[in-house]
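Student: The following file, work-v8.txt, comprises compact mmCIF, C-alpha atoms and all ligand atoms:
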# COMPACT_ATOMS: atom_id res chain seq x y z
CA MET A 1 129.35 88.21 123.45
CA ALA A 2 130.79 86.56 120.35
CA GLU A 3 131.87 87.16 116.81
CA VAL A 4 129.49 85.14 114.67
CA ASP A 5 128.98 85.21 110.91
CA LEU A 6 125.20 85.10 110.69
CA LEU A 7 125.32 86.20 107.05
CA ALA A 8 127.54 83.28 106.02
CA ARG A 9 124.80 81.85 103.83
CA LEU A 10 123.85 85.14 102.14
CA PRO A 11 124.84 84.91 98.44
CA LYS A 12 127.72 87.27 97.72
CA THR A 13 126.86 90.15 95.37
CA ARG A 14 129.29 90.94 92.58
CA ARG A 15 130.33 94.56 92.81
CA ASP A 16 131.99 96.65 90.17
CA ILE A 17 134.38 98.57 92.41
CA GLN A 18 135.94 100.59 89.57
CA LYS A 19 132.57 101.87 88.43
CA ARG A 20 131.56 102.85 91.98
CA HIS A 21 134.89 104.62 92.53
CA ALA A 22 134.16 106.90 89.57
CA ALA A 23 130.73 107.60 91.08
CA GLN A 24 131.98 108.76 94.49
CA THR A 25 131.18 112.41 93.86
CA PRO A 26 129.89 114.67 96.64
CA GLU A 27 126.57 114.85 94.77
CA ASN A 28 126.16 111.07 94.60
CA ILE A 29 127.16 110.68 98.25
CA ALA A 30 124.56 113.29 99.25
CA ILE A 31 121.88 111.46 97.22
CA ALA A 32 122.78 108.07 98.70
CA GLN A 33 122.71 109.43 102.25
CA GLN A 34 119.08 110.43 101.81
CA PHE A 35 118.13 106.71 101.66
CA GLY A 36 115.33 107.54 99.25
CA HIS A 37 114.19 106.18 95.89
CA ASP A 38 117.55 106.68 94.22
CA TYR A 39 119.51 104.83 96.93
CA PHE A 40 117.32 101.73 96.69
CA ASP A 41 115.95 101.70 93.18
CA GLY A 42 117.90 104.31 91.23
CA PRO A 43 121.21 103.94 89.39
CA ARG A 44 123.97 101.73 90.81
CA ALA A 45 126.18 104.81 91.19
CA VAL A 46 124.14 106.01 94.17
CA GLY A 47 123.15 102.75 95.86
CA TYR A 48 121.72 99.31 95.26
CA GLY A 49 120.63 99.84 91.65
CA GLY A 50 117.39 97.98 92.45
CA TYR A 51 116.58 96.53 95.88
CA ARG A 52 114.16 93.67 95.23
CA TYR A 53 113.05 90.64 97.18
CA ASP A 54 114.51 87.38 95.88
CA GLY A 55 114.52 85.15 98.96
CA ARG A 56 118.26 85.45 99.56
CA TRP A 57 117.71 86.29 103.24
CA ILE A 58 115.90 83.03 104.01
CA PRO A 59 119.04 81.08 105.01
CA VAL A 60 120.16 84.07 107.12
CA ALA A 61 116.77 84.15 108.83
CA GLU A 62 117.11 80.43 109.59
CA ASP A 63 120.53 81.01 111.14
CA ILE A 64 119.27 83.96 113.21
CA VAL A 65 116.34 81.90 114.55
CA ARG A 66 118.68 79.04 115.41
CA HIS A 67 121.36 81.27 116.96
CA PHE A 68 118.94 83.11 119.26
CA ARG A 69 116.70 80.04 119.76
CA LEU A 70 113.71 82.12 118.70
CA LYS A 71 110.29 80.52 118.94
CA PRO A 72 106.69 81.42 118.07
CA GLY A 73 105.52 84.34 120.18
CA ASP A 74 109.01 85.80 120.60
CA ARG A 75 109.63 89.34 119.38
CA VAL A 76 112.57 90.27 117.15
CA LEU A 77 113.46 93.71 115.78
CA ASP A 78 115.50 94.44 112.64
CA VAL A 79 117.06 97.91 112.97
CA GLY A 80 117.75 99.25 109.47
CA CYS A 81 115.20 96.87 107.98
CA ALA A 82 114.86 98.70 104.63
CA LYS A 83 111.91 97.12 102.75
CA GLY A 84 111.53 94.39 105.36
CA PHE A 85 113.01 91.42 103.47
CA LEU A 86 114.58 89.93 106.61
CA VAL A 87 111.49 90.67 108.71
CA LYS A 88 109.37 88.77 106.16
CA ASP A 89 111.78 85.83 106.03
CA LEU A 90 112.09 85.57 109.82
CA MET A 91 108.33 85.08 110.00
CA LYS A 92 108.44 82.68 107.06
CA VAL A 93 111.05 80.37 108.64
CA CYS A 94 109.54 80.61 112.14
CA PRO A 95 105.75 80.89 111.83
CA GLY A 96 104.31 82.69 114.85
CA LEU A 97 107.45 84.73 115.45
CA GLU A 98 106.61 88.41 115.93
CA ALA A 99 109.13 90.21 113.71
CA PHE A 100 109.32 93.98 113.35
CA GLY A 101 111.56 96.50 111.66
CA LEU A 102 112.73 100.07 112.07
CA ASP A 103 114.23 102.27 109.37
CA ILE A 104 114.83 105.93 108.69
CA SER A 105 113.75 105.60 105.06
CA GLU A 106 110.14 106.48 104.40
CA TYR A 107 110.69 105.35 100.79
CA ALA A 108 111.76 101.86 101.90
CA LEU A 109 108.81 101.52 104.26
CA MET A 110 106.38 102.76 101.60
CA HIS A 111 107.71 100.03 99.28
CA CYS A 112 107.86 97.20 101.77
CA GLU A 113 106.85 93.61 101.20
CA PRO A 114 103.07 93.06 101.60
CA GLU A 115 103.63 90.51 104.40
CA VAL A 116 105.22 93.14 106.64
CA VAL A 117 102.79 96.01 106.21
CA GLY A 118 102.21 97.50 109.68
CA ARG A 119 105.30 95.82 111.13
CA LEU A 120 107.86 98.40 110.01
CA HIS A 121 108.38 101.61 111.96
CA LEU A 122 109.83 104.89 110.78
CA GLY A 123 112.61 106.08 113.09
CA SER A 124 116.28 106.37 113.76
CA ALA A 125 118.45 103.64 115.23
CA ASP A 126 119.91 106.00 117.84
CA ARG A 127 116.47 106.69 119.34
CA VAL A 128 114.21 103.67 119.10
CA PRO A 129 110.71 104.19 120.52
CA PHE A 130 110.33 100.81 122.22
CA PRO A 131 110.64 99.76 125.88
CA ASP A 132 113.73 98.39 127.60
CA GLY A 133 114.02 94.64 127.09
CA GLY A 134 111.10 94.76 124.65
CA PHE A 135 112.57 92.15 122.30
CA ASN A 136 113.97 88.63 122.49
CA ALA A 137 116.58 89.63 119.90
CA VAL A 138 117.58 92.77 118.01
CA ILE A 139 119.42 92.58 114.68
CA SER A 140 121.12 95.47 112.90
CA ILE A 141 122.86 94.72 109.62
CA ASN A 142 124.93 97.27 107.70
CA THR A 143 123.20 100.24 109.30
CA ILE A 144 125.07 101.54 112.38
CA HIS A 145 128.12 102.62 110.35
CA ASN A 146 125.87 105.29 108.83
CA PHE A 147 126.29 107.38 111.99
CA GLU A 148 129.20 109.49 113.15
CA ARG A 149 131.01 107.73 116.01
CA ALA A 150 129.20 109.39 118.95
CA ASP A 151 125.81 108.61 117.45
CA ALA A 152 126.91 105.08 116.54
CA ILE A 153 127.60 104.54 120.26
CA ARG A 154 124.05 105.64 121.04
CA ALA A 155 122.66 103.28 118.40
CA VAL A 156 124.65 100.35 119.80
CA ARG A 157 123.35 101.25 123.29
CA GLU A 158 119.83 101.09 121.89
CA VAL A 159 120.36 97.53 120.63
CA GLU A 160 121.63 96.60 124.09
CA ARG A 161 118.77 98.37 125.85
CA LEU A 162 116.09 96.69 123.74
CA ALA A 163 117.51 93.16 124.07
CA PRO A 164 120.31 92.96 126.66
CA GLY A 165 122.94 90.44 125.55
CA ARG A 166 120.76 89.38 122.62
CA GLY A 167 121.86 91.72 119.86
CA PHE A 168 123.55 91.09 116.57
CA ILE A 169 125.33 94.00 114.86
CA GLN A 170 127.11 93.82 111.52
CA VAL A 171 129.04 96.85 110.28
CA ASP A 172 131.56 97.89 107.63
CA SER A 173 135.15 97.06 108.52
CA TYR A 174 138.51 95.93 107.05
CA ARG A 175 141.36 93.82 108.36
CA THR A 176 144.25 95.11 106.23
CA PRO A 177 145.34 98.46 104.72
CA GLU A 178 144.53 97.00 101.28
CA GLN A 179 140.99 96.14 102.36
CA ARG A 180 140.67 99.63 103.84
CA GLU A 181 141.74 101.24 100.54
CA LEU A 182 139.25 99.10 98.66
CA PHE A 183 136.51 100.06 101.12
CA LEU A 184 137.34 103.78 100.82
CA SER A 185 137.08 103.52 97.04
CA TRP A 186 133.60 102.03 97.40
CA VAL A 187 131.86 103.63 100.37
CA LEU A 188 128.96 106.05 99.85
CA THR A 189 126.96 106.18 103.07
CA ALA A 190 129.13 105.03 106.00
CA LYS A 191 130.27 107.89 108.23
CA PHE A 192 132.14 105.85 110.82
CA HIS A 193 134.16 102.76 109.98
CA ASP A 194 137.22 101.15 111.50
CA TYR A 195 139.30 98.02 111.90
CA PRO A 196 137.65 95.40 114.13
CA ASP A 197 139.70 96.65 117.13
CA GLY A 198 138.24 100.13 116.75
CA TRP A 199 134.72 98.79 116.54
CA MET A 200 135.34 96.60 119.59
CA ARG A 201 136.41 99.72 121.54
CA LEU A 202 133.18 101.40 120.47
CA PHE A 203 131.14 98.35 121.52
CA ARG A 204 132.85 98.40 124.94
CA GLU A 205 132.16 102.13 125.35
CA ALA A 206 128.51 101.44 124.57
CA GLY A 207 128.36 98.63 127.14
CA TYR A 208 127.37 96.22 124.39
CA THR A 209 127.14 92.55 125.36
CA GLY A 210 125.60 91.10 122.20
CA ASP A 211 127.16 89.50 119.12
CA TRP A 212 128.69 91.06 116.04
CA TYR A 213 130.28 90.55 112.62
CA TRP A 214 131.97 92.56 109.88
CA THR A 215 131.13 93.42 106.29
CA ILE A 216 134.50 93.38 104.52
CA LEU A 217 135.02 94.01 100.79
CA GLU A 218 137.48 91.60 99.20
C1 LIG B 301 122.93 99.19 103.62
S1 LIG B 301 121.21 99.32 103.98
C2 LIG B 301 120.97 97.77 104.82
C3 LIG B 301 119.57 97.27 104.73
C4 LIG B 301 119.38 95.86 105.26
N1 LIG B 301 119.65 95.80 106.71
C5 LIG B 301 120.26 94.90 104.50
O1 LIG B 301 121.28 94.46 105.06
O2 LIG B 301 119.96 94.63 103.32
C6 LIG B 301 121.21 100.50 105.30
C7 LIG B 301 119.82 100.75 105.84
O3 LIG B 301 119.95 101.57 106.99
C8 LIG B 301 118.92 102.54 106.95
N2 LIG B 301 119.35 103.64 107.82
C9 LIG B 301 120.28 104.57 107.57
N3 LIG B 301 120.39 105.41 108.62
C10 LIG B 301 119.53 104.97 109.56
C11 LIG B 301 119.16 105.41 110.86
N4 LIG B 301 119.73 106.51 111.41
N5 LIG B 301 118.24 104.73 111.54
C12 LIG B 301 117.63 103.64 111.01
N6 LIG B 301 117.91 103.20 109.77
C13 LIG B 301 118.86 103.84 109.05
C14 LIG B 301 118.77 102.86 105.49
O4 LIG B 301 117.56 103.49 105.17
C15 LIG B 301 118.91 101.47 104.87
O5 LIG B 301 117.68 100.82 104.82
If you took the structure in this file and wrote it as structure tokens, what would it be?

Tutor:
Amino acid sequence: MAEVDLLARLPKTRRDIQKRHAAQTPENIAIAQQFGHDYFDGPRAVGYGGYRYDGRWIPVAEDIVRHFRLKPGDRVLDVGCAKGFLVKDLMKVCPGLEAFGLDISEYALMHCEPEVVGRLHLGSADRVPFPDGGFNAVISINTIHNFERADAIRAVREVERLAPGRGFIQVDSYRTPEQRELFLSWVLTAKFHDYPDGWMRLFREAGYTGDWYWTILE
């Protein structure tokens, strides 16, 4: 179990925090939390403002393959895979790897990359319909904070169940009160978030033995 920054080589997106702050209305939060068209491809005020493949996940995929020593024939699951960008890039950097995704958004799955058609499953991270130990690694990036705490524990347990000791979970966090304020002025979808200590308590409660890292706004 280790803290490891597997997204270190993901290009940083520039975010207009002031603009998002003004957009944090109950209506916009409700729209974002539907994870539909507007969240991915609608206005920036309710989500990504356009979620398109541009290859930025390739270096991350390389680091995931190296970290978990994945090889052709191994199975990896991306929980919260959205349109399957990482699933596609995992198979690109490691030909023969069996990569799959799971997401709650029918919109994202219906607009997935052609290379991953049939590999993405509709479902919720707290109840994943795959067998115990079914994967050589399970990744979940910026997804599990979208649950309330009790359900987040169940989702972390699922990662552990599917790939004991071979998970990677990245979630929203902050290390200082200033970072927390900044996060609170930005967040739309996260329902549970905490300092790293709080997340570590949750991981322990879930019996999690995999790896983790934090998404921190700065
Ligand atoms: C911030 S996006 C992250 C997408 C992708 N992992 C990335 O890092 O670009 C959060 C994703 O979690 C998905 N999601 C939200 N709640 C979920 C749930 N209960 N189960 C599975 N996926 C969920 C959303 O549809 C969305 O695709």

Student: Mind listing whatever residues come within 12 Å of the point (120.1, 101.8, 91.9)? Use all atoms listed in the file, file coordinates, and give them as a PyMOL selection string.

Tutor: chain A and resi 20+28+31-32+35-52

Student: Grab me every residue within 6 Å of ligand LIG 301 (chain B), counting all atoms listed in the file, and send it over as an NGL selection string.

Tutor: :A and (35 or 80-82 or 103-105 or 123-125 or 141-143 or 146)

Student: Using all atoms listed in the file, list the residues that have an atom at most 7 Å from (133.5, 108.5, 112.9), coordinates as in the file, as a list in words.

Tutor: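 Neighbouring residues, ordered by chain and number, come to Glu148, Arg149, Lys191, Phe192 and His193 of chain A.
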
Student: Any chance you could export the current selection's C-alpha atoms as a short mmCIF file (atom, residue, chain, number, x, y, z; two decimals), keeping the file's coordinate frame?

Tutor:
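part20.cif was written with the following content:
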data_model
loop_
_atom_site.label_atom_id
_atom_site.label_comp_id
_atom_site.auth_asym_id
_atom_site.auth_seq_id
_atom_site.Cartn_x
_atom_site.Cartn_y
_atom_site.Cartn_z
CA GLU A 148 129.20 109.49 113.15
CA ARG A 149 131.01 107.73 116.01
CA LYS A 191 130.27 107.89 108.23
CA PHE A 192 132.14 105.85 110.82
CA HIS A 193 134.16 102.76 109.98
#

Student: Which residue out of A:Arg201, A:Leu188, A:Thr176, A:Glu115 has the minimum interatomic distance to Glu27 (chain A) when all atoms listed in the file are used?

Tutor: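 Using all atoms listed in the file, the shortest distance to Glu27 (chain A) belongs to A:Leu188.
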
Student: What's around Lys92 (chain A) at 12 Å? Count all atoms listed in the file, leave out sequence neighbours fewer than 2 positions away in its own chain, and write the answer as a ChimeraX atom specification.

Tutor: /A:55,57-62,65,72,85-90,94-99,115-116

Student: Create the file for the chosen residues now, containing C-alpha atoms and written as a PDB file, in the frame of the given file.

Tutor:
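Wrote it out as part12.pdb, contents follow:
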ATOM      1  CA  GLY A  55     114.520  85.150  98.960  1.00  0.00           C
ATOM      2  CA  TRP A  57     117.710  86.290 103.240  1.00  0.00           C
ATOM      3  CA  ILE A  58     115.900  83.030 104.010  1.00  0.00           C
ATOM      4  CA  PRO A  59     119.040  81.080 105.010  1.00  0.00           C
ATOM      5  CA  VAL A  60     120.160  84.070 107.120  1.00  0.00           C
ATOM      6  CA  ALA A  61     116.770  84.150 108.830  1.00  0.00           C
ATOM      7  CA  GLU A  62     117.110  80.430 109.590  1.00  0.00           C
ATOM      8  CA  VAL A  65     116.340  81.900 114.550  1.00  0.00           C
ATOM      9  CA  PRO A  72     106.690  81.420 118.070  1.00  0.00           C
ATOM     10  CA  PHE A  85     113.010  91.420 103.470  1.00  0.00           C
ATOM     11  CA  LEU A  86     114.580  89.930 106.610  1.00  0.00           C
ATOM     12  CA  VAL A  87     111.490  90.670 108.710  1.00  0.00           C
ATOM     13  CA  LYS A  88     109.370  88.770 106.160  1.00  0.00           C
ATOM     14  CA  ASP A  89     111.780  85.830 106.030  1.00  0.00           C
ATOM     15  CA  LEU A  90     112.090  85.570 109.820  1.00  0.00           C
ATOM     16  CA  CYS A  94     109.540  80.610 112.140  1.00  0.00           C
ATOM     17  CA  PRO A  95     105.750  80.890 111.830  1.00  0.00           C
ATOM     18  CA  GLY A  96     104.310  82.690 114.850  1.00  0.00           C
ATOM     19  CA  LEU A  97     107.450  84.730 115.450  1.00  0.00           C
ATOM     20  CA  GLU A  98     106.610  88.410 115.930  1.00  0.00           C
ATOM     21  CA  ALA A  99     109.130  90.210 113.710  1.00  0.00           C
ATOM     22  CA  GLU A 115     103.630  90.510 104.400  1.00  0.00           C
ATOM     23  CA  VAL A 116     105.220  93.140 106.640  1.00  0.00           C
TER      24      VAL A 116
END

Student: Within 12 Å of region 127-132 of chain A, counting only C-alpha atoms, which residues show up once you throw out same-chain ones fewer than 6 positions away? Write them as a ChimeraX atom specification, please.

Tutor: /A:75-80,100-104,121,138,151-164

Student: To one decimal place, how far is CA of Ser173 (chain A) from CA of Ala2 (chain A) in Å?

Tutor: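 CA of Ala2 (chain A) lies at a distance of 16.4 Å from CA of Ser173 (chain A).
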
Student: So the first atom is CA of Phe147 (chain A) and the second is CA of Met200 (chain A); what is the distance between them in Å, to one decimal place?

Tutor: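 Between CA of Phe147 (chain A) and CA of Met200 (chain A) the gap is 16.0 Å.
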
Student: Just how far from CA of Glu106 (chain A) is CA of Gln24 (chain A), in Å to one decimal?

Tutor: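 Taking CA of Gln24 (chain A) and CA of Glu106 (chain A), their separation equals 24.1 Å.
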
Student: Looking at only C-alpha atoms, which of A:Phe183, A:Phe168, A:Tyr107, A:Tyr195 is the one that sits closest to Gly210 (chain A)?

Tutor: A:Phe168

Student: Compare A:Ala206, A:Leu217, A:Ile169, A:Leu120 by their minimum atom-to-atom distance to Ile139 (chain A), counting all atoms listed in the file, and give me the closest one.

Tutor: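 Closest to Ile139 (chain A), using all atoms listed in the file: A:Ile169.
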